[in-house]
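Enquirer: Contents of target.txt (compact mmCIF, C-alpha atoms and all ligand atoms) are below:
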# COMPACT_ATOMS: atom_id res chain seq x y z
CA MET S 1 11.23 8.10 19.58
CA ASN S 2 13.58 10.91 18.68
CA THR S 3 13.01 12.07 15.10
CA LYS S 4 16.17 13.32 13.42
CA VAL S 5 15.52 16.27 11.08
CA VAL S 6 18.10 17.02 8.38
CA THR S 7 18.07 19.71 5.71
CA VAL S 8 19.39 19.00 2.22
CA ASP S 9 19.94 20.85 -1.01
CA LYS S 10 17.00 19.85 -3.21
CA GLU S 11 19.07 19.56 -6.38
CA LYS S 12 22.27 18.12 -4.90
CA PRO S 13 21.47 16.26 -1.68
CA ASP S 14 24.42 15.35 0.54
CA LEU S 15 25.30 11.74 -0.32
CA LEU S 16 26.27 10.82 3.25
CA LEU S 17 22.85 11.93 4.51
CA MET S 18 21.14 9.98 1.70
CA ARG S 19 23.14 6.89 2.78
CA GLU S 20 22.12 7.42 6.40
CA ALA S 21 18.45 7.63 5.35
CA GLY S 22 18.93 4.50 3.20
CA GLU S 23 20.45 2.56 6.12
CA ILE S 24 17.45 3.42 8.32
CA LEU S 25 15.09 2.15 5.60
CA LYS S 26 17.06 -1.07 5.05
CA LYS S 27 16.88 -1.79 8.78
CA GLY S 28 13.08 -1.43 8.71
CA GLY S 29 12.85 2.20 9.93
CA LEU S 30 10.80 5.09 8.54
CA VAL S 31 12.08 8.22 6.74
CA ALA S 32 9.95 11.12 5.42
CA PHE S 33 11.30 12.81 2.30
CA PRO S 34 10.19 15.26 -0.40
CA THR S 35 8.93 14.12 -3.79
CA GLU S 36 7.73 16.38 -6.61
CA THR S 37 4.08 15.78 -5.58
CA VAL S 38 3.93 15.83 -1.74
CA TYR S 39 6.21 14.63 1.10
CA GLY S 40 6.24 10.82 1.40
CA LEU S 41 6.61 8.61 4.47
CA GLY S 42 9.06 5.95 3.30
CA GLY S 43 9.57 2.40 4.51
CA ASP S 44 10.95 -0.74 2.81
CA GLY S 45 8.02 -1.79 0.59
CA LEU S 46 9.17 -5.43 0.53
CA ASN S 47 9.31 -5.64 4.34
CA ALA S 48 5.91 -6.37 5.92
CA GLY S 49 7.09 -4.97 9.26
CA SER S 50 8.00 -1.62 7.69
CA SER S 51 4.58 -1.34 6.09
CA ARG S 52 2.88 -2.09 9.41
CA LYS S 53 4.95 0.71 10.96
CA ILE S 54 3.80 3.15 8.24
CA TYR S 55 0.14 2.41 8.98
CA ALA S 56 0.75 2.84 12.70
CA ALA S 57 2.62 6.17 12.35
CA LYS S 58 -0.06 7.65 10.07
CA GLY S 59 -3.02 6.12 11.90
CA ARG S 60 -4.02 4.83 8.45
CA PRO S 61 -6.57 2.01 8.06
CA SER S 62 -4.63 -1.11 7.00
CA ASP S 63 -6.89 -1.81 3.97
CA ASN S 64 -5.67 1.42 2.32
CA PRO S 65 -2.77 0.24 0.10
CA LEU S 66 0.63 1.94 -0.24
CA ILE S 67 2.43 2.99 -3.42
CA ILE S 68 5.88 1.44 -3.99
CA HIS S 69 8.41 3.98 -5.28
CA ILE S 70 11.22 2.83 -7.57
CA ALA S 71 14.25 4.67 -9.00
CA ASP S 72 14.57 2.99 -12.41
CA PHE S 73 12.28 1.20 -14.85
CA GLU S 74 14.19 -2.10 -14.59
CA SER S 75 13.12 -2.40 -10.94
CA LEU S 76 9.50 -2.79 -12.00
CA GLU S 77 9.92 -6.37 -13.28
CA LYS S 78 10.60 -7.86 -9.86
CA ILE S 79 7.39 -6.62 -8.21
CA VAL S 80 4.76 -7.10 -10.93
CA ARG S 81 3.49 -10.07 -12.98
CA CYS S 82 3.49 -8.30 -16.32
CA VAL S 83 3.65 -4.81 -17.74
CA PRO S 84 1.10 -4.11 -20.52
CA GLU S 85 2.42 -2.31 -23.63
CA LYS S 86 0.31 0.76 -22.88
CA ALA S 87 1.85 1.04 -19.43
CA LYS S 88 5.31 0.91 -21.01
CA LEU S 89 4.31 3.81 -23.28
CA LEU S 90 3.08 5.86 -20.32
CA ALA S 91 6.24 5.09 -18.37
CA ALA S 92 8.38 6.21 -21.31
CA LYS S 93 6.47 9.49 -21.47
CA PHE S 94 5.82 10.34 -17.79
CA TRP S 95 8.41 8.47 -15.65
CA PRO S 96 10.13 9.74 -13.66
CA GLY S 97 7.17 11.91 -12.69
CA PRO S 98 3.79 12.28 -10.95
CA LEU S 99 2.19 9.11 -12.36
CA THR S 100 1.34 5.93 -10.43
CA MET S 101 0.36 2.73 -12.26
CA ILE S 102 -1.35 -0.34 -10.82
CA PHE S 103 -0.40 -3.88 -11.89
CA SER S 104 -0.87 -7.47 -10.70
CA LYS S 105 1.69 -7.94 -7.94
CA SER S 106 4.41 -10.59 -7.83
CA SER S 107 4.75 -12.84 -4.78
CA ILE S 108 7.63 -10.85 -3.26
CA VAL S 109 5.35 -7.91 -2.49
CA PRO S 110 3.81 -8.45 0.96
CA TYR S 111 0.05 -8.06 1.44
CA GLU S 112 0.85 -5.64 4.25
CA THR S 113 2.05 -3.20 1.55
CA THR S 114 -0.92 -3.71 -0.79
CA GLY S 115 -3.62 -3.59 1.88
CA GLY S 116 -4.38 -7.25 1.16
CA LEU S 117 -4.84 -6.74 -2.60
CA GLU S 118 -3.38 -8.87 -5.44
CA SER S 119 -2.37 -5.64 -7.21
CA VAL S 120 0.44 -3.20 -6.48
CA ALA S 121 0.71 0.53 -7.18
CA VAL S 122 4.10 1.73 -8.48
CA ARG S 123 5.57 5.16 -9.14
CA MET S 124 8.99 6.45 -10.21
CA PRO S 125 9.40 9.97 -8.79
CA SER S 126 11.62 12.62 -10.38
CA HIS S 127 12.68 14.52 -7.25
CA PRO S 128 16.48 14.16 -6.79
CA VAL S 129 16.14 13.60 -3.01
CA ALA S 130 13.45 10.93 -3.47
CA LYS S 131 15.53 9.19 -6.16
CA ALA S 132 18.65 9.10 -3.99
CA ILE S 133 16.81 7.80 -0.91
CA ILE S 134 14.99 5.09 -2.91
CA ARG S 135 18.33 3.88 -4.36
CA GLU S 136 20.14 3.94 -1.03
CA GLY S 137 17.18 2.31 0.74
CA GLY S 138 17.14 -0.83 -1.41
CA GLY S 139 15.10 0.28 -4.43
CA TYR S 140 11.51 -0.43 -3.31
CA ILE S 141 10.19 2.24 -0.97
CA ALA S 142 6.53 2.27 0.08
CA ALA S 143 5.72 5.93 0.60
CA PRO S 144 2.23 7.25 1.26
CA SER S 145 1.80 10.94 1.96
CA ALA S 146 3.64 11.81 5.21
CA ASN S 147 0.63 13.16 7.09
CA THR S 148 -1.61 11.85 9.83
CA SER S 149 -4.42 9.99 8.07
CA GLY S 150 -7.29 12.38 7.31
CA ARG S 151 -5.23 15.60 7.51
CA PRO S 152 -4.18 17.59 4.41
CA SER S 153 -1.13 16.07 2.66
CA PRO S 154 2.21 17.69 3.55
CA THR S 155 3.86 19.99 1.03
CA ARG S 156 6.64 21.19 3.39
CA ALA S 157 8.82 19.45 5.98
CA GLU S 158 7.15 21.55 8.71
CA HIS S 159 3.82 19.87 7.91
CA VAL S 160 5.47 16.46 8.37
CA GLN S 161 6.89 17.57 11.72
CA GLU S 162 3.44 18.73 12.89
CA ASP S 163 2.00 15.28 12.23
CA LEU S 164 4.80 12.75 12.66
CA ALA S 165 7.57 14.13 14.93
CA GLY S 166 8.33 11.51 17.60
CA LYS S 167 6.74 8.73 15.51
CA ILE S 168 9.33 8.17 12.75
CA ASP S 169 13.14 7.93 12.56
CA MET S 170 14.02 10.77 10.22
CA ILE S 171 12.61 13.73 8.29
CA VAL S 172 14.60 14.95 5.28
CA ASP S 173 13.77 18.60 4.63
CA GLY S 174 14.24 19.49 0.97
CA GLY S 175 12.05 22.60 1.03
CA ALA S 176 8.60 23.11 -0.47
CA VAL S 177 7.46 20.62 -3.13
CA GLY S 178 6.79 21.62 -6.74
CA ILE S 179 3.37 20.16 -7.63
CA GLY S 180 1.58 20.01 -4.29
CA ILE S 181 -1.08 17.37 -4.98
CA GLU S 182 -0.61 13.61 -5.14
CA SER S 183 0.18 11.60 -8.28
CA THR S 184 -2.34 10.58 -10.93
CA ILE S 185 -3.21 6.88 -10.44
CA VAL S 186 -3.95 4.69 -13.49
CA ASP S 187 -5.17 1.12 -12.99
CA PHE S 188 -3.84 -1.35 -15.57
CA THR S 189 -5.52 -4.42 -14.10
CA GLU S 190 -8.71 -3.70 -16.15
CA GLU S 191 -9.35 -4.17 -19.92
CA VAL S 192 -9.48 -0.41 -20.46
CA PRO S 193 -7.12 1.51 -18.14
CA VAL S 194 -8.92 3.52 -15.45
CA ILE S 195 -7.89 6.74 -13.72
CA LEU S 196 -8.51 6.13 -10.02
CA ARG S 197 -7.14 9.47 -8.79
CA PRO S 198 -6.67 12.65 -10.88
CA GLY S 199 -3.40 14.54 -10.58
CA TYR S 200 -1.02 16.80 -12.48
CA ILE S 201 -1.11 14.40 -15.45
CA ASN S 202 -4.71 14.61 -16.68
CA GLN S 203 -6.92 12.32 -18.77
CA ALA S 204 -6.20 14.19 -22.03
CA MET S 205 -2.42 13.90 -21.54
CA ILE S 206 -2.76 10.14 -20.96
CA GLN S 207 -5.14 9.59 -23.89
CA GLU S 208 -2.73 11.37 -26.19
CA VAL S 209 -0.24 8.57 -25.51
CA ILE S 210 -2.37 5.40 -25.16
CA GLY S 211 -5.87 6.19 -26.44
CA PRO S 212 -9.05 5.68 -24.38
CA VAL S 213 -8.84 5.66 -20.58
CA ARG S 214 -11.85 5.81 -18.28
CA MET S 215 -12.35 7.90 -15.19
CA ASP S 216 -13.40 5.85 -12.14
CA LYS S 217 -17.15 6.33 -11.53
CA GLY S 218 -16.51 7.48 -8.01
CA LEU S 219 -14.56 10.47 -9.36
CA LEU S 220 -17.22 11.76 -11.72
CA ILE S 221 -20.15 11.69 -9.37
CA THR S 222 -19.48 14.06 -6.51
CA ASP S 223 -21.47 11.99 -4.10
CA GLU S 224 -19.94 10.20 -1.15
CA LYS S 225 -22.37 7.29 -1.61
CA VAL S 226 -20.58 6.20 -4.82
CA GLN S 227 -17.52 4.28 -3.69
CA PRO S 228 -14.35 4.88 -5.70
CA LYS S 229 -12.22 1.86 -6.59
CA ALA S 230 -8.96 3.07 -5.00
CA PRO S 231 -9.58 1.92 -1.44
CA GLY S 232 -7.99 5.04 -0.01
CA MET S 233 -10.43 7.29 -1.79
CA LYS S 234 -13.37 6.26 0.39
CA TYR S 235 -11.97 7.77 3.57
CA ARG S 236 -12.59 11.33 4.72
CA HIS S 237 -9.51 13.22 3.61
CA TYR S 238 -7.64 16.47 3.80
CA ALA S 239 -10.29 17.75 6.14
CA PRO S 240 -9.78 21.01 7.98
CA ARG S 241 -11.31 21.04 11.47
CA ALA S 242 -14.05 23.55 10.52
CA GLN S 243 -16.81 22.44 8.11
CA LEU S 244 -15.91 23.58 4.59
CA THR S 245 -18.45 24.42 1.87
CA ILE S 246 -17.43 24.94 -1.77
CA VAL S 247 -19.41 27.58 -3.65
CA GLU S 248 -19.63 27.36 -7.44
CA GLY S 249 -20.99 29.99 -9.84
CA SER S 250 -20.03 33.26 -11.51
CA SER S 251 -17.42 35.26 -9.64
CA SER S 252 -19.85 37.99 -8.56
CA GLN S 253 -22.53 35.50 -7.42
CA VAL S 254 -19.98 33.56 -5.40
CA VAL S 255 -18.57 36.65 -3.66
CA LYS S 256 -22.09 37.87 -2.83
CA TYR S 257 -23.20 34.50 -1.47
CA ILE S 258 -20.09 33.91 0.63
CA ASN S 259 -20.19 37.44 2.06
CA ALA S 260 -23.83 36.92 3.10
CA GLN S 261 -22.93 33.59 4.73
CA CYS S 262 -19.99 35.16 6.56
CA GLU S 263 -22.24 37.96 7.88
CA LYS S 264 -24.71 35.36 9.11
CA ALA S 265 -21.92 33.41 10.80
CA LEU S 266 -20.65 36.57 12.52
CA ARG S 267 -24.15 37.37 13.79
CA GLU S 268 -24.27 33.88 15.28
CA GLY S 269 -20.98 34.54 17.06
CA LYS S 270 -18.97 32.23 14.74
CA LYS S 271 -15.61 32.95 13.13
CA PRO S 272 -15.80 32.42 9.34
CA GLY S 273 -12.94 31.77 6.91
CA VAL S 274 -12.71 32.03 3.11
CA ILE S 275 -10.42 30.41 0.53
CA ALA S 276 -10.28 32.78 -2.45
CA SER S 277 -8.39 33.33 -5.68
CA ASP S 278 -6.05 36.33 -5.93
CA GLU S 279 -8.59 38.00 -8.21
CA THR S 280 -11.34 38.10 -5.55
CA VAL S 281 -9.36 37.96 -2.29
CA SER S 282 -10.03 41.64 -1.47
CA SER S 283 -13.79 41.33 -2.07
CA TYR S 284 -14.60 39.48 1.15
CA ARG S 285 -15.60 41.20 4.40
CA GLY S 286 -15.50 40.14 8.03
CA ALA S 287 -13.82 36.76 7.56
CA VAL S 288 -10.30 35.35 7.77
CA VAL S 289 -9.51 35.33 4.03
CA LYS S 290 -6.65 33.40 2.45
CA GLY S 291 -5.57 33.75 -1.15
CA ILE S 292 -4.68 30.44 -2.79
CA GLY S 293 -3.22 31.82 -6.05
CA ALA S 294 -4.22 33.37 -9.35
CA ARG S 295 -6.84 31.64 -11.50
CA ALA S 296 -4.53 32.19 -14.45
CA ASP S 297 -1.87 30.11 -12.66
CA GLU S 298 -3.56 26.84 -11.75
CA GLU S 299 -0.25 25.23 -10.81
CA GLU S 300 0.10 27.83 -8.07
CA ILE S 301 -3.40 26.98 -6.79
CA ALA S 302 -2.53 23.27 -6.68
CA ARG S 303 0.77 24.01 -4.91
CA ASN S 304 -0.92 26.09 -2.18
CA LEU S 305 -4.08 24.07 -1.61
CA PHE S 306 -2.98 21.75 1.21
CA ALA S 307 -0.92 24.43 3.00
CA VAL S 308 -3.94 26.77 3.04
CA LEU S 309 -6.19 24.00 4.44
CA ARG S 310 -3.62 23.42 7.18
CA GLU S 311 -3.34 27.15 7.90
CA PHE S 312 -7.05 27.25 8.67
CA ASP S 313 -6.48 24.70 11.42
CA GLU S 314 -4.21 27.27 13.11
CA GLU S 315 -6.89 29.97 12.94
CA ASP S 316 -9.76 28.86 15.11
CA THR S 317 -12.35 29.41 12.39
CA ASP S 318 -15.70 27.67 12.92
CA ILE S 319 -16.98 27.65 9.37
CA LEU S 320 -15.16 27.79 6.01
CA PHE S 321 -16.12 28.65 2.44
CA SER S 322 -14.08 28.14 -0.71
CA GLU S 323 -14.51 29.27 -4.27
CA ALA S 324 -14.53 26.42 -6.82
CA PHE S 325 -11.42 26.02 -9.00
CA ASP S 326 -12.50 24.25 -12.19
CA THR S 327 -9.35 25.23 -14.04
CA PRO S 328 -8.57 23.75 -17.50
CA LYS S 329 -5.68 21.34 -16.82
CA MET S 330 -5.59 20.52 -13.11
CA GLY S 331 -9.19 21.46 -12.27
CA GLN S 332 -10.27 17.84 -11.87
CA ALA S 333 -7.43 17.12 -9.45
CA ILE S 334 -7.88 20.33 -7.47
CA MET S 335 -11.66 19.92 -7.17
CA ASN S 336 -11.27 16.24 -6.23
CA ARG S 337 -9.10 17.20 -3.21
CA LEU S 338 -11.25 20.19 -2.30
CA LEU S 339 -14.49 18.16 -2.46
CA LYS S 340 -13.02 15.54 -0.14
CA ALA S 341 -11.87 18.23 2.25
CA ALA S 342 -15.43 19.56 2.22
CA GLY S 343 -16.97 16.10 2.71
CA TYR S 344 -18.58 16.69 -0.75
CA HIS S 345 -20.43 19.76 0.54
CA MET S 346 -20.83 22.01 -2.52
CA ILE S 347 -23.38 24.70 -3.40
CA SER S 348 -23.96 25.53 -7.05
CA LEU S 349 -25.32 29.02 -7.78
CA ASP S 350 -25.60 28.55 -11.55
CA GLU S 351 -29.16 28.13 -12.79
P1 LIG S 401 -1.16 7.95 -0.74
O1 LIG S 401 0.00 7.02 -0.75
O2 LIG S 401 -1.46 8.53 0.59
O3 LIG S 401 -1.05 8.95 -1.85
O4 LIG S 401 -2.39 7.04 -1.12
C1 LIG S 401 -2.20 6.02 -2.08
C2 LIG S 401 -3.45 5.85 -2.88
O5 LIG S 401 -3.23 4.84 -3.85
C3 LIG S 401 -4.62 5.41 -2.05
O6 LIG S 401 -5.80 6.12 -2.40
C4 LIG S 401 -4.77 3.96 -2.42
O7 LIG S 401 -6.05 3.49 -2.26
C5 LIG S 401 -4.29 3.92 -3.87
N1 LIG S 401 -3.76 2.60 -4.20
C6 LIG S 401 -2.57 2.11 -3.84
N2 LIG S 401 -2.44 0.82 -4.25
C7 LIG S 401 -3.58 0.51 -4.90
C8 LIG S 401 -4.07 -0.68 -5.53
N3 LIG S 401 -3.33 -1.79 -5.58
N4 LIG S 401 -5.30 -0.64 -6.08
C9 LIG S 401 -6.05 0.49 -6.04
N5 LIG S 401 -5.65 1.63 -5.42
C10 LIG S 401 -4.43 1.65 -4.86
MG MG S 402 -2.41 10.34 1.36
Would you mind writing the file's structure down as structure tokens?
Ligand code: AMP
Ligand code: MG

Expert:
Amino acid sequence: MNTKVVTVDKEKPDLLLMREAGEILKKGGLVAFPTETVYGLGGDGLNAGSSRKIYAAKGRPSDNPLIIHIADFESLEKIVRCVPEKAKLLAAKFWPGPLTMIFSKSSIVPYETTGGLESVAVRMPSHPVAKAIIREGGGYIAAPSANTSGRPSPTRAEHVQEDLAGKIDMIVDGGAVGIGIESTIVDFTEEVPVILRPGYINQAMIQEVIGPVRMDKGLLITDEKVQPKAPGMKYRHYAPRAQLTIVEGSSSQVVKYINAQCEKALREGKKPGVIASDETVSSYRGAVVKGIGARADEEEIARNLFAVLREFDEEDTDILFSEAFDTPKMGQAIMNRLLKAAGYHMISLDE
């Protein structure tokens, strides 16, 4: 398949191109487009055939449900059984934006989209390109991250091309995304709402609006044996090709430990790599070192995370180390992605 790549102005996308993308979606084709979180691989969420195509293009297991993206709140009614008051409050505060909510699905949503579940995940993105494509494409666009399953999520159109060129109809290039990690997912099918995936919108921000929400058990215990509830969270994710180890502790301890490990790797004839903050990036010796951003700017760290993981796949490093990034607002989300990339391999140097 020939994949058409078009470039658009992020703020004012060309309407004719948005229509063309919408026509492809309405006919059951697939279009990748930017959202404020990561690039999405869009298909008509109410068309079972489109959803099957999404799973095939990504190589994604078919029990890992998709998120349906809508462009206005009114669209929600048609695809869910009911919307709890607390969900309405969250929507009023955070939609459009990086928040996904899970509800009981209505009968028009095919099981192919929900991975066989009776519930459906819904998000209303704020990115102007995403909004236009959702509207032009019929209003209900299933759009998981536009990467090959298991690889780091795409934060630029080039990442989508690496993974999906030749497998989908169109890629809309709207430049680099703003947030860089996927949406926060809140499950409203339980008594007390549950955060199934941390993101830019954190637990405190949600609790400020609706009171108590729980974190899914699988998120708190950094052990792969505890299964998270969001089916997608159980799969190995974001993984660079080289084994990654996260090292936690005081800055000086971490630098010392990682440098010793890199020396050891070099002696064994291996090529080591390090993911570091701007503050410590010049402290490492003998390894391929990549700065991910300043600790004082956690949004920058989140924005760069997936791109840096991908960059290490271009270097043929054999073994990788990363500092831990337990930052105040997005730390939970950043560490969640990093731990998955490391297959939960973390060393703690604090006594
Ligand atoms: P992605 O679209 O690649 O960001 O992945 C979507 C995530 O949402 C996956 O981890 C899914 O497991 C989760 N998800 C989607 N729908 C549901 C649902 N109905 N119940 C629980 N988790 C869901
Ligand atoms: Mg994904």

Enquirer: Which chains and residue numbers are within 8 Å of ligand LIG 401 (chain S), counting all atoms listed in the file, if I want them as a CSV table (one decimal) with C-alpha atoms, in the coordinates of the input?

Expert:
chain,number,residue,atom,x,y,z
S,40,GLY,CA,6.2,10.8,1.4
S,64,ASN,CA,-5.7,1.4,2.3
S,65,PRO,CA,-2.8,0.2,0.1
S,66,LEU,CA,0.6,1.9,-0.2
S,67,ILE,CA,2.4,3.0,-3.4
S,102,ILE,CA,-1.4,-0.3,-10.8
S,103,PHE,CA,-0.4,-3.9,-11.9
S,114,THR,CA,-0.9,-3.7,-0.8
S,115,GLY,CA,-3.6,-3.6,1.9
S,117,LEU,CA,-4.8,-6.7,-2.6
S,118,GLU,CA,-3.4,-8.9,-5.4
S,119,SER,CA,-2.4,-5.6,-7.2
S,120,VAL,CA,0.4,-3.2,-6.5
S,121,ALA,CA,0.7,0.5,-7.2
S,122,VAL,CA,4.1,1.7,-8.5
S,143,ALA,CA,5.7,5.9,0.6
S,144,PRO,CA,2.2,7.2,1.3
S,145,SER,CA,1.8,10.9,2.0
S,146,ALA,CA,3.6,11.8,5.2
S,153,SER,CA,-1.1,16.1,2.7
S,182,GLU,CA,-0.6,13.6,-5.1
S,183,SER,CA,0.2,11.6,-8.3
S,185,ILE,CA,-3.2,6.9,-10.4
S,187,ASP,CA,-5.2,1.1,-13.0
S,196,LEU,CA,-8.5,6.1,-10.0
S,197,ARG,CA,-7.1,9.5,-8.8
S,229,LYS,CA,-12.2,1.9,-6.6
S,230,ALA,CA,-9.0,3.1,-5.0
S,231,PRO,CA,-9.6,1.9,-1.4
S,232,GLY,CA,-8.0,5.0,0.0
S,233,MET,CA,-10.4,7.3,-1.8

Enquirer: Which of these, S:Ser322, S:Ser75, S:Asn202, S:Asn336, has the shortest distance to Asn259 of chain S once you count only C-alpha atoms?

Expert: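 Of S:Ser322, S:Ser75, S:Asn202, S:Asn336, the one nearest Asn259 of chain S, counting only C-alpha atoms, is S:Ser322.
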
Enquirer: Edge lengths and centre in Å to one decimal, as lines of an AutoDock Vina configuration file, is what I'm after for the box along x, y and z that holds all listed atoms of segment 198-212 of chain S once 5 Å is added on each side.

Expert:
center_x = -4.6
center_y = 11.1
center_z = -18.5
size_x = 18.8
size_y = 21.4
size_z = 25.9

Enquirer: Using all atoms listed in the file, can you tell me which of S:Thr113, S:Ser106, S:Ser149, S:Thr7 comes closest to ligand MG 402 (chain S)?

Expert: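 Among S:Thr113, S:Ser106, S:Ser149, S:Thr7, it is S:Ser149 that comes nearest to ligand MG 402 (chain S).
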
Enquirer: Between atom CA of Ala48 of chain S and atom CA of Tyr111 of chain S, measure the distance and give it in Å to one decimal.

Expert: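 If I compute the distance from atom CA of Ala48 of chain S to atom CA of Tyr111 of chain S, I get 7.6 Å.
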
Enquirer: I'd like to know which of S:Ala142, S:Ala32, S:Ala204, S:Met346 is closest to Ser51 of chain S, using only C-alpha atoms.

Expert: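 Answer, going by the shortest atom-to-atom distance: S:Ala142.
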
Enquirer: Provide the atom CA of Val192 of chain S to atom CA of Met205 of chain S distance in Å, to one decimal place.

Expert: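 Between these atoms lies a distance of 16.0 Å.
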
Enquirer: Just to confirm, what's the straight-line distance from atom CA of Pro13 of chain S to atom CA of Leu305 of chain S in Å (one decimal)?

Expert: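 The value is 26.7 Å.
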
Enquirer: When you look at Val186 of chain S with a cut-off of 7 Å (counting only C-alpha atoms), what residues show up, excluding the ones that are within fewer than 4 positions of it in the same chain? I need them as a list of chain:residue names.

Expert: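 Contacts, with the query itself left out: S:Thr100, S:Met101, S:Ile102, S:Pro193, S:Val194, S:Ile195, S:Leu196.
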
Enquirer: What lies within 12 Å of Ala260 of chain S using only C-alpha atoms, ignoring chain neighbours under 3 positions off, as a VMD selection string?

Expert: chain S and resid 253 to 257 263 to 267 272 284 to 287 321
